[in-house]
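This is entry.txt. It holds compact mmCIF, C-alpha atoms.
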```
# COMPACT_ATOMS: atom_id res chain seq x y z
CA MET G 285 -36.18 -75.62 78.96
CA TYR G 286 -34.27 -74.45 81.99
CA THR G 287 -34.10 -70.90 80.64
CA ALA G 288 -37.84 -70.53 81.35
CA TYR G 289 -37.36 -71.66 84.95
CA ILE G 290 -34.46 -69.26 85.54
CA GLY G 291 -36.37 -66.42 83.86
CA LYS G 292 -39.34 -66.98 86.16
CA ARG G 293 -37.01 -67.06 89.15
CA LEU G 294 -35.61 -63.64 88.27
CA ILE G 295 -39.04 -62.14 87.59
CA GLU G 296 -40.21 -63.35 91.00
CA LEU G 297 -37.12 -61.94 92.73
CA VAL G 298 -37.41 -58.53 91.04
CA ASN G 299 -41.14 -58.40 91.78
CA GLN G 300 -40.44 -59.10 95.45
CA ARG G 301 -37.73 -56.46 95.59
CA GLU G 302 -39.90 -53.82 93.90
CA GLY G 303 -43.22 -54.79 95.51
CA LYS G 304 -44.88 -55.68 92.21
CA ALA G 305 -46.75 -58.67 90.77
CA ARG G 306 -45.89 -58.61 87.05
CA THR G 307 -46.47 -61.67 84.93
CA ALA G 308 -43.73 -62.94 82.64
CA LYS G 309 -45.39 -61.16 79.69
CA GLU G 310 -45.70 -57.89 81.63
CA PHE G 311 -42.08 -58.09 82.72
CA PHE G 312 -41.09 -58.81 79.11
CA ASP G 313 -42.94 -55.70 77.89
CA GLU G 314 -42.20 -53.30 80.72
CA VAL G 315 -38.62 -54.16 81.70
CA TYR G 316 -36.85 -56.57 79.39
CA VAL G 317 -37.71 -55.36 75.88
CA PRO G 318 -37.22 -51.60 76.54
CA LEU G 319 -33.77 -52.30 77.97
CA PHE G 320 -32.65 -54.92 75.45
CA PHE G 321 -34.28 -54.06 72.12
CA MET G 322 -35.73 -50.54 72.03
CA ASN G 323 -32.38 -49.30 70.77
CA GLU G 324 -30.63 -50.07 67.49
CA ARG G 325 -27.75 -51.61 69.46
CA TYR G 326 -29.39 -54.67 70.98
CA LEU G 327 -28.01 -56.22 74.13
CA GLN G 328 -28.88 -59.76 73.05
CA HIS G 329 -28.99 -61.79 69.86
CA VAL G 330 -32.08 -63.98 69.46
CA ASN G 331 -31.53 -65.80 66.18
CA ASN G 332 -34.46 -65.68 63.72
CA SER G 333 -36.65 -63.66 66.08
CA LYS G 334 -38.60 -60.65 64.77
CA PHE G 335 -35.99 -58.38 66.36
CA ASP G 336 -33.22 -60.30 64.62
CA GLN G 337 -35.01 -60.04 61.28
CA ALA G 338 -35.42 -56.27 61.71
CA TYR G 339 -31.75 -55.93 62.67
CA LYS G 340 -30.61 -57.75 59.53
CA GLN G 341 -32.67 -55.33 57.41
CA LYS G 342 -31.54 -52.15 59.16
CA LYS G 343 -29.59 -50.89 56.15
CA LYS G 344 -32.80 -50.89 54.10
CA THR G 345 -35.16 -50.11 56.95
CA PRO G 346 -33.52 -48.16 59.81
CA LEU G 347 -34.28 -49.32 63.33
CA THR G 348 -36.56 -46.44 64.24
CA SER G 349 -38.91 -46.53 67.22
CA GLU G 350 -41.73 -47.47 64.85
CA THR G 351 -39.73 -50.33 63.29
CA LEU G 352 -38.84 -51.71 66.71
CA ALA G 353 -42.44 -51.40 67.92
CA ASN G 354 -43.58 -53.34 64.85
CA ALA G 355 -40.99 -56.03 65.57
CA LEU G 356 -42.30 -56.31 69.13
CA ALA G 357 -45.90 -56.57 67.91
CA GLY G 358 -44.89 -59.24 65.39
CA GLN G 359 -43.07 -61.19 68.10
CA HIS G 360 -46.13 -61.09 70.37
CA GLU G 361 -48.32 -62.37 67.55
CA LYS G 362 -45.93 -65.23 66.80
CA ILE G 363 -45.71 -66.24 70.45
CA LEU G 364 -49.50 -66.27 70.81
CA SER G 365 -50.32 -68.04 67.55
CA ASP G 366 -47.46 -70.43 66.70
CA ALA G 367 -46.30 -73.63 68.35
CA PRO G 368 -43.14 -72.85 70.38
CA ASP G 369 -39.83 -73.48 68.61
CA GLY G 370 -36.24 -72.47 69.14
CA SER G 371 -36.58 -69.18 67.27
CA PHE G 372 -38.70 -67.65 70.05
CA PHE G 373 -38.81 -70.24 72.85
CA LEU G 374 -35.16 -69.85 73.78
CA GLY G 375 -33.60 -73.21 74.45
CA GLY G 376 -36.47 -75.10 72.88
CA ALA G 377 -36.30 -77.43 69.90
CA ALA G 378 -35.95 -76.20 66.33
CA ALA G 379 -39.13 -76.16 64.26
CA GLU G 380 -37.78 -78.81 61.87
CA ALA G 381 -36.92 -82.22 63.32
CA SER G 382 -33.78 -82.39 61.18
CA ALA G 383 -32.44 -78.98 62.24
CA GLY G 384 -29.54 -78.50 64.63
CA THR G 385 -30.76 -79.23 68.14
CA SER G 386 -29.33 -80.89 71.21
CA GLY G 387 -31.61 -83.26 73.10
CA GLN G 388 -34.55 -80.89 73.17
CA VAL G 389 -37.10 -83.07 71.35
CA SER G 390 -39.36 -85.37 73.37
CA ASP G 391 -42.32 -87.64 72.60
CA LEU G 392 -43.94 -86.33 75.77
CA ALA G 393 -46.46 -83.58 75.15
CA LEU G 394 -45.05 -81.15 77.68
CA PRO G 395 -47.28 -78.08 78.12
CA THR G 396 -45.62 -74.76 77.24
CA THR G 397 -47.50 -71.58 78.06
CA GLU G 398 -46.90 -68.13 76.63
CA HIS G 399 -45.45 -67.14 80.01
CA ASP G 400 -42.88 -69.94 79.68
CA VAL G 401 -41.88 -68.51 76.30
CA TYR G 402 -41.54 -64.96 77.57
CA ALA G 403 -39.61 -66.15 80.63
CA SER G 404 -37.21 -68.10 78.39
CA TRP G 405 -36.01 -64.83 76.81
CA VAL G 406 -35.28 -63.40 80.25
CA GLY G 407 -33.60 -66.62 81.36
CA ALA G 408 -31.40 -66.83 78.26
CA ALA G 409 -30.18 -63.29 79.00
CA LEU G 410 -28.99 -64.52 82.41
CA GLY G 411 -26.52 -67.03 80.97
CA VAL G 412 -22.98 -66.30 82.17
CA GLY G 413 -20.70 -66.64 79.16
CA VAL G 414 -17.27 -68.15 79.79
CA SER G 415 -14.28 -69.05 77.64
CA GLY G 416 -14.95 -72.05 75.46
CA GLY G 417 -18.25 -70.69 74.12
CA LEU G 418 -20.45 -72.06 76.92
CA ASN G 419 -22.99 -70.33 79.13
CA ILE G 420 -23.85 -71.04 82.77
CA LEU G 421 -27.29 -70.55 84.30
CA ILE G 422 -26.84 -70.21 88.06
CA ASP G 423 -29.72 -70.93 90.43
CA SER G 424 -28.90 -68.36 93.09
CA ASN G 425 -30.82 -65.31 94.28
CA GLU G 426 -27.62 -63.27 94.72
CA VAL G 427 -26.35 -64.11 91.26
CA LEU G 428 -29.62 -63.55 89.42
CA LEU G 429 -30.26 -60.14 91.00
CA ALA G 430 -26.63 -59.10 90.45
CA LEU G 431 -26.87 -60.00 86.77
CA PHE G 432 -30.18 -58.15 86.44
CA ASP G 433 -28.63 -54.98 87.86
CA GLY G 434 -25.66 -55.55 85.58
CA TRP G 435 -27.89 -55.35 82.49
CA TYR G 436 -28.42 -51.64 83.18
CA ARG G 437 -24.68 -51.16 83.58
CA TYR G 438 -24.18 -52.90 80.25
CA ARG G 439 -26.54 -50.46 78.52
CA GLU G 440 -24.73 -47.62 80.28
CA TYR G 441 -21.35 -48.91 79.17
CA MET G 442 -22.53 -49.31 75.58
CA ALA G 443 -23.64 -45.69 75.57
CA GLN G 444 -20.14 -44.69 76.74
CA THR G 445 -18.45 -46.88 74.10
CA PRO G 446 -19.88 -46.06 70.66
CA ASN G 447 -17.69 -48.58 68.81
CA LEU G 448 -18.65 -51.49 71.09
CA LYS G 449 -20.48 -54.18 69.16
CA PRO G 450 -23.96 -55.22 70.40
CA HIS G 451 -25.43 -58.63 71.29
CA GLN G 452 -22.91 -59.53 74.03
CA VAL G 453 -25.06 -59.72 77.15
CA ASN G 454 -23.87 -63.23 78.06
CA THR G 455 -20.22 -62.22 77.64
CA TRP G 456 -20.97 -59.11 79.70
CA ASN G 457 -22.50 -61.29 82.43
CA GLY G 458 -19.20 -63.14 82.78
CA TYR G 459 -17.34 -59.89 83.26
CA TRP G 460 -19.99 -58.39 85.52
CA ILE G 461 -20.23 -61.28 87.99
CA THR G 462 -16.45 -61.21 88.55
CA ASN G 463 -16.61 -57.44 88.97
CA VAL G 464 -19.60 -57.07 91.29
CA PHE G 465 -18.52 -59.98 93.52
CA ASP G 466 -15.03 -58.55 93.93
CA GLY G 467 -14.36 -57.39 97.48
CA PHE G 468 -13.25 -53.98 96.18
CA PHE G 469 -16.37 -53.32 94.09
CA ASP G 470 -17.82 -49.84 94.59
CA PRO G 471 -21.30 -49.32 93.06
CA THR G 472 -20.59 -45.59 92.86
CA TYR G 473 -17.70 -46.30 90.49
CA PRO G 474 -18.75 -49.65 88.99
CA PHE G 475 -15.95 -49.93 86.45
CA ALA G 476 -13.12 -48.58 88.58
CA ASN G 477 -11.71 -51.82 89.99
CA ARG G 478 -12.15 -54.29 87.13
CA ILE G 479 -12.56 -52.69 83.74
CA PRO G 480 -14.07 -54.79 80.94
CA ASP G 481 -11.57 -56.56 78.72
CA ILE G 482 -12.20 -54.62 75.53
CA ARG G 483 -10.56 -55.90 72.35
CA THR G 484 -10.42 -53.68 69.28
CA ASP G 485 -10.05 -54.88 65.72
CA PRO G 486 -7.25 -52.68 64.29
CA SER G 487 -8.60 -53.00 60.74
CA THR G 488 -12.18 -51.91 61.50
CA GLY G 489 -11.95 -50.15 64.86
CA ALA G 490 -14.84 -52.29 66.14
CA ALA G 491 -14.56 -53.23 69.82
CA SER G 492 -15.86 -56.28 71.64
CA ILE G 493 -15.86 -57.57 75.19
CA GLY G 494 -13.39 -60.39 75.81
CA THR G 495 -14.80 -63.60 77.24
CA THR G 496 -14.08 -64.24 80.92
CA SER G 497 -12.34 -67.45 81.92
CA TRP G 498 -14.46 -69.95 83.83
CA ILE G 499 -11.85 -69.98 86.58
CA LYS G 500 -12.47 -66.29 87.31
CA VAL G 501 -16.22 -66.87 87.46
CA ILE G 502 -15.87 -69.85 89.82
CA PHE G 503 -13.54 -67.96 92.15
CA ALA G 504 -15.86 -64.94 92.14
CA LEU G 505 -18.83 -67.12 93.11
CA SER G 506 -16.81 -68.74 95.90
CA GLU G 507 -15.95 -65.32 97.33
CA LYS G 508 -19.61 -64.31 97.43
CA MET G 509 -21.05 -67.66 98.54
CA PRO G 510 -18.25 -69.43 100.42
CA LYS G 511 -20.42 -71.73 102.52
CA ARG G 512 -22.65 -73.47 100.01
CA SER G 513 -22.64 -75.15 96.65
CA VAL G 514 -24.89 -74.02 93.80
CA ASN G 515 -26.57 -75.88 90.99
CA THR G 516 -25.82 -74.67 87.50
CA TYR G 517 -26.90 -75.57 83.99
CA VAL G 518 -24.22 -75.44 81.29
CA TYR G 519 -25.16 -75.03 77.63
CA SER G 520 -24.74 -73.05 74.43
CA LEU G 521 -27.47 -71.69 72.17
CA SER G 522 -26.36 -71.00 68.62
CA GLN G 523 -26.88 -72.50 65.18
CA MET G 524 -26.13 -75.85 66.81
CA ASN G 525 -27.27 -76.06 70.42
CA THR G 526 -25.01 -77.73 72.97
CA THR G 527 -26.21 -79.16 76.25
CA ILE G 528 -23.68 -80.13 78.89
CA GLY G 529 -26.33 -80.43 81.60
CA PHE G 530 -26.51 -79.79 85.32
CA VAL G 531 -23.22 -79.28 87.12
CA SER G 532 -22.76 -78.54 90.82
CA MET G 533 -20.28 -75.83 91.75
CA GLU G 534 -18.58 -76.90 95.01
CA LEU G 535 -17.92 -73.35 96.19
CA PRO G 536 -16.69 -74.13 99.74
CA ALA G 537 -13.93 -76.31 98.24
CA VAL G 538 -12.96 -73.58 95.77
CA ARG G 539 -12.91 -71.00 98.56
CA TYR G 540 -10.71 -73.33 100.65
CA LEU G 541 -8.24 -73.53 97.77
CA ASN G 542 -8.09 -69.74 97.60
CA GLU G 543 -7.60 -69.37 101.35
CA LEU G 544 -4.97 -72.11 101.38
CA TYR G 545 -3.02 -70.33 98.66
CA ARG G 546 -3.03 -67.11 100.65
CA LYS G 547 -1.87 -68.95 103.79
CA ILE G 548 0.98 -70.77 102.02
CA SER G 549 1.99 -67.59 100.18
CA ARG G 550 2.24 -65.62 103.41
CA GLU G 551 4.27 -68.37 105.06
CA ARG G 552 6.71 -68.36 102.16
CA GLY G 553 6.71 -64.58 101.81
CA VAL G 554 5.73 -64.73 98.14
CA LEU G 555 2.16 -63.40 98.30
CA SER G 556 1.51 -61.85 94.91
CA THR G 557 -0.42 -58.65 94.43
CA ASP G 558 -2.42 -60.52 91.79
CA SER G 559 -5.44 -62.51 92.92
CA LEU G 560 -5.42 -66.28 92.48
CA ASP G 561 -8.04 -66.17 89.73
CA THR G 562 -5.62 -64.08 87.67
CA LEU G 563 -2.66 -66.40 88.26
CA TYR G 564 -4.48 -69.71 87.94
CA ASP G 565 -4.51 -71.78 84.75
CA THR G 566 -6.05 -75.23 84.68
CA ALA G 567 -5.20 -78.44 82.87
CA LEU G 568 -8.87 -78.93 81.94
CA GLY G 569 -11.06 -76.79 79.72
CA PHE G 570 -14.49 -75.97 81.10
CA GLN G 571 -16.35 -78.64 79.14
CA LYS G 572 -13.90 -81.34 80.30
CA ALA G 573 -14.15 -80.06 83.87
CA CYS G 574 -17.95 -80.33 83.70
CA GLU G 575 -17.64 -83.97 82.66
CA LEU G 576 -16.44 -84.69 86.21
CA GLY G 577 -20.02 -84.00 87.32
CA LYS G 578 -19.11 -81.20 89.68
CA ILE G 579 -16.62 -78.37 89.85
CA GLY G 580 -14.45 -78.85 92.93
CA ILE G 581 -10.77 -79.29 93.73
CA PRO G 582 -10.13 -82.09 91.16
CA ALA G 583 -11.51 -79.93 88.32
CA LEU G 584 -9.04 -77.17 89.22
CA GLU G 585 -5.90 -79.19 88.55
CA PRO G 586 -3.18 -76.67 87.58
CA LYS G 587 -1.92 -76.72 84.04
CA GLN G 588 1.24 -78.78 83.39
CA LEU G 589 1.42 -80.15 86.95
CA ARG G 590 0.82 -83.69 85.66
CA GLU G 591 4.17 -83.48 83.83
CA TYR G 592 5.87 -83.75 87.23
CA MET G 593 3.91 -86.80 88.38
CA PRO G 594 4.99 -90.42 87.98
CA GLY G 595 2.95 -92.94 85.99
CA GLY G 596 0.50 -92.54 83.13
CA SER G 597 1.53 -90.34 80.23
CA GLY G 598 3.37 -87.84 82.44
CA SER G 599 7.07 -87.26 81.85
CA ASN G 600 7.87 -87.29 85.60
CA LYS G 601 9.99 -84.15 85.27
CA SER G 602 11.91 -82.66 88.17
CA PHE G 603 11.22 -79.19 89.51
CA LYS G 604 13.96 -76.66 88.96
CA PRO G 605 15.08 -74.96 92.19
CA PRO G 606 14.15 -71.25 92.24
CA LYS G 607 17.08 -68.93 91.62
CA ASP G 608 16.12 -66.70 94.54
CA GLN G 609 13.10 -65.56 96.53
CA ASP G 610 12.10 -63.16 93.73
CA ASP G 611 12.03 -65.87 91.05
CA PRO G 612 8.52 -65.79 89.45
CA ILE G 613 8.54 -69.59 89.35
CA ILE G 614 7.92 -69.58 93.11
CA ILE G 615 4.35 -68.39 92.51
CA THR G 616 3.75 -71.28 90.11
CA TYR G 617 5.22 -73.73 92.61
CA THR G 618 3.02 -72.26 95.34
CA ILE G 619 -0.05 -72.84 93.18
CA TYR G 620 1.03 -76.43 92.52
CA GLN G 621 1.66 -77.01 96.20
CA THR G 622 -1.70 -75.46 97.14
CA TRP G 623 -3.67 -77.74 94.85
CA ILE G 624 -1.82 -80.91 95.89
CA ILE G 625 -2.29 -80.12 99.58
CA ALA G 626 -5.99 -79.45 98.99
CA MET G 627 -6.31 -82.78 97.18
CA LEU G 628 -4.42 -84.79 99.81
CA ASN G 629 -6.14 -82.99 102.71
CA ASN G 630 -3.80 -84.73 105.15
CA GLN G 631 -1.76 -82.42 107.38
CA GLN G 632 0.46 -85.23 108.72
CA LEU G 633 1.34 -86.24 105.17
CA ILE G 634 2.14 -82.64 104.28
CA ASP G 635 4.37 -82.24 107.35
CA LEU G 636 6.14 -85.48 106.48
CA THR G 637 7.00 -84.30 102.95
CA THR G 638 8.49 -81.12 104.40
CA LYS G 639 10.63 -83.10 106.85
CA VAL G 640 11.71 -85.67 104.25
CA ALA G 641 12.59 -82.97 101.69
CA ALA G 642 14.85 -81.29 104.24
CA THR G 643 16.41 -84.66 105.13
CA LEU G 644 17.07 -85.51 101.47
CA HIS G 645 18.57 -82.10 100.88
CA GLY G 646 20.86 -82.54 103.88
CA PHE G 647 21.88 -86.01 102.66
CA SER G 648 22.63 -84.77 99.13
CA SER G 649 24.85 -82.01 100.52
CA GLN G 650 27.01 -84.22 102.75
CA GLY G 651 30.77 -84.10 102.12
CA ASP G 652 32.57 -82.88 99.03
CA ARG G 653 33.51 -86.40 97.88
CA GLY G 654 30.06 -87.93 98.30
CA LYS G 655 27.97 -84.93 97.36
CA LYS G 656 27.56 -85.85 93.70
CA VAL G 657 26.82 -89.49 94.47
CA ASN G 658 24.29 -88.61 97.16
CA SER G 659 22.60 -85.97 95.00
CA SER G 660 22.28 -88.49 92.18
CA ALA G 661 20.74 -91.04 94.55
CA VAL G 662 18.13 -88.51 95.67
CA ASP G 663 17.28 -87.64 92.07
CA LYS G 664 16.79 -91.32 91.24
CA LEU G 665 14.55 -91.77 94.27
CA LEU G 666 12.35 -88.86 93.23
CA GLU G 667 12.14 -90.21 89.69
CA SER G 668 10.52 -93.45 90.88
CA LYS G 669 7.63 -94.47 88.66
CA ASN G 670 5.56 -96.29 91.26
CA ARG G 671 5.26 -97.22 94.93
CA ARG G 672 7.35 -100.41 94.73
CA GLU G 673 10.25 -98.72 92.95
CA PHE G 674 10.19 -95.84 95.43
CA ILE G 675 10.37 -98.12 98.49
CA GLU G 676 13.14 -100.24 96.94
CA LYS G 677 15.27 -97.16 96.30
CA LEU G 678 14.44 -95.83 99.76
CA ALA G 679 15.99 -98.97 101.27
CA ASP G 680 19.37 -97.84 99.96
CA PHE G 681 19.11 -94.66 102.03
CA VAL G 682 18.64 -96.68 105.20
CA GLU G 683 22.04 -98.26 104.54
CA SER G 684 23.72 -94.95 103.64
CA ASP G 685 22.24 -92.59 106.22
CA LYS G 686 21.94 -94.19 109.67
CA VAL G 687 21.11 -90.84 111.30
CA ASN G 688 17.74 -90.51 109.54
CA VAL G 689 16.62 -94.14 109.63
CA ASP G 690 13.48 -93.27 111.60
CA THR G 691 12.44 -90.65 109.05
CA PHE G 692 12.92 -93.06 106.15
CA ASP G 693 11.05 -95.80 108.03
CA GLU G 694 8.12 -93.46 108.66
CA LEU G 695 8.13 -92.49 104.99
CA ALA G 696 8.13 -96.14 103.85
CA ASN G 697 5.24 -97.01 106.17
CA THR G 698 3.25 -93.99 105.01
CA VAL G 699 3.76 -94.70 101.32
CA THR G 700 2.86 -98.37 101.82
CA LEU G 701 -0.50 -97.49 103.40
CA MET G 702 -1.25 -94.62 101.05
CA PRO G 703 -4.13 -94.97 98.53
CA THR G 704 -2.78 -95.63 95.05
CA THR G 705 -4.46 -92.48 93.71
CA ASP G 706 -2.47 -90.35 96.17
CA ILE G 707 0.96 -91.67 95.18
CA PRO G 708 1.51 -89.37 92.15
CA LEU G 709 0.36 -86.32 94.15
CA PHE G 710 2.61 -87.21 97.07
CA MET G 711 5.60 -87.74 94.79
CA ALA G 712 5.04 -84.43 93.01
CA LEU G 713 4.74 -82.60 96.32
CA LEU G 714 7.92 -84.23 97.65
CA LYS G 715 9.84 -83.26 94.49
CA LEU G 716 8.55 -79.71 94.71
CA LYS G 717 9.49 -79.32 98.36
CA TYR G 718 12.94 -80.78 97.67
CA ALA G 719 13.50 -78.25 94.86
CA VAL G 720 12.53 -75.41 97.15
CA ALA G 721 14.72 -76.79 99.94
CA LYS G 722 17.71 -76.81 97.55
CA SER G 723 17.12 -73.15 96.73
CA LYS G 724 17.59 -72.23 100.38
```

Rewrite the structure from the file as structure tokens, please.
Amino acid sequence: MYTAYIGKRLIELVNQREGKARTAKEFFDEVYVPLFFMNERYLQHVNNSKFDQAYKQKKKTPLTSETLANALAGQHEKILSDAPDGSFFLGGAAAEASAGTSGQVSDLALPTTEHDVYASWVGAALGVGVSGGLNILIDSNEVLLALFDGWYRYREYMAQTPNLKPHQVNTWNGYWITNVFDGFFDPTYPFANRIPDIRTDPSTGAASIGTTSWIKVIFALSEKMPKRSVNTYVYSLSQMNTTIGFVSMELPAVRYLNELYRKISRERGVLSTDSLDTLYDTALGFQKACELGKIGIPALEPKQLREYMPGGSGSNKSFKPPKDQDDPIIITYTIYQTWIIAMLNNQQLIDLTTKVAATLHGFSSQGDRGKKVNSSAVDKLLESKNRREFIEKLADFVESDKVNVDTFDELANTVTLMPTTDIPLFMALLKLKYAVAKSK
């Protein structure tokens, strides 16, 4: 299981940093277990492990130092004597063939050493939990060491928050990676910039850490590693394991989207004090995004944007012109525009939509008598459902507006040569720019 590989990677990195040569078992005993389990408020839940069994009996048998030491001894004995199964080889198959498992059983007799088992515990604790109930294992030195250091902060934060429930290390990892990779992070005051999202049950007073959105995690990674992509493994370990598989995070593309948003925002004078990861909401959930095979610009399609595109199941709605420069809808429109521009990646096409939008706005505003007719003609043009319909309606403008014939001709030629997949994006961008032009 990949957890064992990631666990070994961390152990090697920490050993290098500290000038030590601990085996996986030694690291398990000397570093991992004291931090995670030698306290009645565990950092991690390992279902059906000896620690889990002791925890479930804590009302009858308190989790004293002796009880926890006995649980550790029992876990060592099980690891050394029993064939590995999912109760102590984290991410491995269940002991019974009929039990809930997800693609972990193989006819191949793959060797599994005790060090693999110990490393799997460490690796499972490195999963970054995101909304949707999935975890991400990230094969990156910077990420693994940051998460390791974050474990100590998690124990520190639990000590400061007596009502915080245990067993949330993966959820904590999601918060921590967005915090430590923030440009304003100060290790002296680790919780000053981004405080954990703590949610309290009003009936019991119990508190828990809210799960971080996958968008925030992806943007945080792109800020820290803007020039390379990273391989990740997406999964969930619970009563029924879920394996999504290996997914590449295209971080340079995500970083480009962020930088493009900032550039467009500054040009329009609507730069929000909130970061893009806070403002962004996607059309796809994380599992659906992973099904694309990689997380890049297409996976970050903004929520509800498709409603403004022609074709398919979209309603081909029109954008409402902003009321003024302080209208909050401008930020949403800026996000839409940012994503479309990133997808099209064609500066000439983008410049053309700006010019055409201004031309259409000027045409719709001509003369008191013809204003309503012209405005209606523009609306019908922008409601075109496909390329052919758009060009046919555009021909009417050539007859009505001799001044801008060259602009309309350029537009017709561009749309004719445009890939079919780009047509809905182009139409949505043109409608958006026209709405903004009307607001001015």

Nearest residue to Pro708 in chain G out of G:Ser599, G:Ser660, G:Gln650, G:Ser723, using only C-alpha atoms? G:Ser599

Find the nearest atom pair between each residue of range 471-494 of chain G and range 451-466 of chain G for residues within 10 Å, count only C-alpha atoms, give distances in Å to one decimal, sort rows by chain and ascending number, and present the table as JSON lines.
```
{"residue": "G:Pro471", "atom": "CA", "partner": "G:Val464", "partner_atom": "CA", "distance": 8.1}
{"residue": "G:Pro474", "atom": "CA", "partner": "G:Val464", "partner_atom": "CA", "distance": 7.8}
{"residue": "G:Phe475", "atom": "CA", "partner": "G:Asn463", "partner_atom": "CA", "distance": 7.9}
{"residue": "G:Ala476", "atom": "CA", "partner": "G:Asn463", "partner_atom": "CA", "distance": 9.5}
{"residue": "G:Asn477", "atom": "CA", "partner": "G:Asn463", "partner_atom": "CA", "distance": 7.5}
{"residue": "G:Arg478", "atom": "CA", "partner": "G:Asn463", "partner_atom": "CA", "distance": 5.8}
{"residue": "G:Ile479", "atom": "CA", "partner": "G:Asn463", "partner_atom": "CA", "distance": 8.1}
{"residue": "G:Pro480", "atom": "CA", "partner": "G:Tyr459", "partner_atom": "CA", "distance": 6.5}
{"residue": "G:Asp481", "atom": "CA", "partner": "G:Tyr459", "partner_atom": "CA", "distance": 8.1}
{"residue": "G:Ser492", "atom": "CA", "partner": "G:Gln452", "partner_atom": "CA", "distance": 8.1}
{"residue": "G:Ile493", "atom": "CA", "partner": "G:Thr455", "partner_atom": "CA", "distance": 6.8}
{"residue": "G:Gly494", "atom": "CA", "partner": "G:Thr455", "partner_atom": "CA", "distance": 7.3}
```

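The space between CA of Pro450 in chain G and CA of His329 in chain G spans 8.3 Å.
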
So that I can see what lies close to Gln359 in chain G, please list as a list of chain:residue names the residues with an atom at most 9 Å from it, counting all atoms listed in the file and leaving out residues fewer than 6 positions away in the same chain.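 The residues satisfying every condition are G:Ser333, G:Lys334, G:Phe335, G:Phe372.
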
For CA of Gln328 in chain G and CA of Ala367 in chain G, the interatomic separation in Å (one decimal): 22.8 Å

Final N, CA and C atoms of range 444-456 of chain G as a PDB file, keeping the file's coordinate frame:
```
ATOM      1  N   GLN G 444     -21.438 -45.352  76.574  1.00  0.00           N
ATOM      2  CA  GLN G 444     -20.140 -44.690  76.740  1.00  0.00           C
ATOM      3  C   GLN G 444     -19.122 -45.149  75.692  1.00  0.00           C
ATOM      4  N   THR G 445     -19.410 -46.275  75.034  1.00  0.00           N
ATOM      5  CA  THR G 445     -18.450 -46.880  74.100  1.00  0.00           C
ATOM      6  C   THR G 445     -19.114 -47.062  72.749  1.00  0.00           C
ATOM      7  N   PRO G 446     -19.131 -46.016  71.921  1.00  0.00           N
ATOM      8  CA  PRO G 446     -19.880 -46.060  70.660  1.00  0.00           C
ATOM      9  C   PRO G 446     -19.444 -47.166  69.698  1.00  0.00           C
ATOM     10  N   ASN G 447     -18.171 -47.563  69.758  1.00  0.00           N
ATOM     11  CA  ASN G 447     -17.690 -48.580  68.810  1.00  0.00           C
ATOM     12  C   ASN G 447     -17.837 -50.007  69.339  1.00  0.00           C
ATOM     13  N   LEU G 448     -18.476 -50.164  70.514  1.00  0.00           N
ATOM     14  CA  LEU G 448     -18.650 -51.490  71.090  1.00  0.00           C
ATOM     15  C   LEU G 448     -19.774 -52.231  70.378  1.00  0.00           C
ATOM     16  N   LYS G 449     -19.478 -53.436  69.919  1.00  0.00           N
ATOM     17  CA  LYS G 449     -20.480 -54.180  69.160  1.00  0.00           C
ATOM     18  C   LYS G 449     -21.603 -54.641  70.096  1.00  0.00           C
ATOM     19  N   PRO G 450     -22.814 -54.816  69.575  1.00  0.00           N
ATOM     20  CA  PRO G 450     -23.960 -55.220  70.400  1.00  0.00           C
ATOM     21  C   PRO G 450     -23.991 -56.727  70.617  1.00  0.00           C
ATOM     22  N   HIS G 451     -25.114 -57.196  71.199  1.00  0.00           N
ATOM     23  CA  HIS G 451     -25.430 -58.630  71.290  1.00  0.00           C
ATOM     24  C   HIS G 451     -24.526 -59.420  72.233  1.00  0.00           C
ATOM     25  N   GLN G 452     -23.870 -58.797  73.201  1.00  0.00           N
ATOM     26  CA  GLN G 452     -22.910 -59.530  74.030  1.00  0.00           C
ATOM     27  C   GLN G 452     -23.329 -59.640  75.495  1.00  0.00           C
ATOM     28  N   VAL G 453     -24.614 -59.726  75.755  1.00  0.00           N
ATOM     29  CA  VAL G 453     -25.060 -59.720  77.150  1.00  0.00           C
ATOM     30  C   VAL G 453     -24.486 -60.903  77.934  1.00  0.00           C
ATOM     31  N   ASN G 454     -24.394 -62.077  77.322  1.00  0.00           N
ATOM     32  CA  ASN G 454     -23.870 -63.230  78.060  1.00  0.00           C
ATOM     33  C   ASN G 454     -22.375 -63.070  78.357  1.00  0.00           C
ATOM     34  N   THR G 455     -21.632 -62.517  77.394  1.00  0.00           N
ATOM     35  CA  THR G 455     -20.220 -62.220  77.640  1.00  0.00           C
ATOM     36  C   THR G 455     -20.089 -61.161  78.730  1.00  0.00           C
ATOM     37  N   TRP G 456     -20.957 -60.152  78.675  1.00  0.00           N
ATOM     38  CA  TRP G 456     -20.970 -59.110  79.700  1.00  0.00           C
ATOM     39  C   TRP G 456     -21.236 -59.721  81.079  1.00  0.00           C
TER      40      TRP G 456
END
```
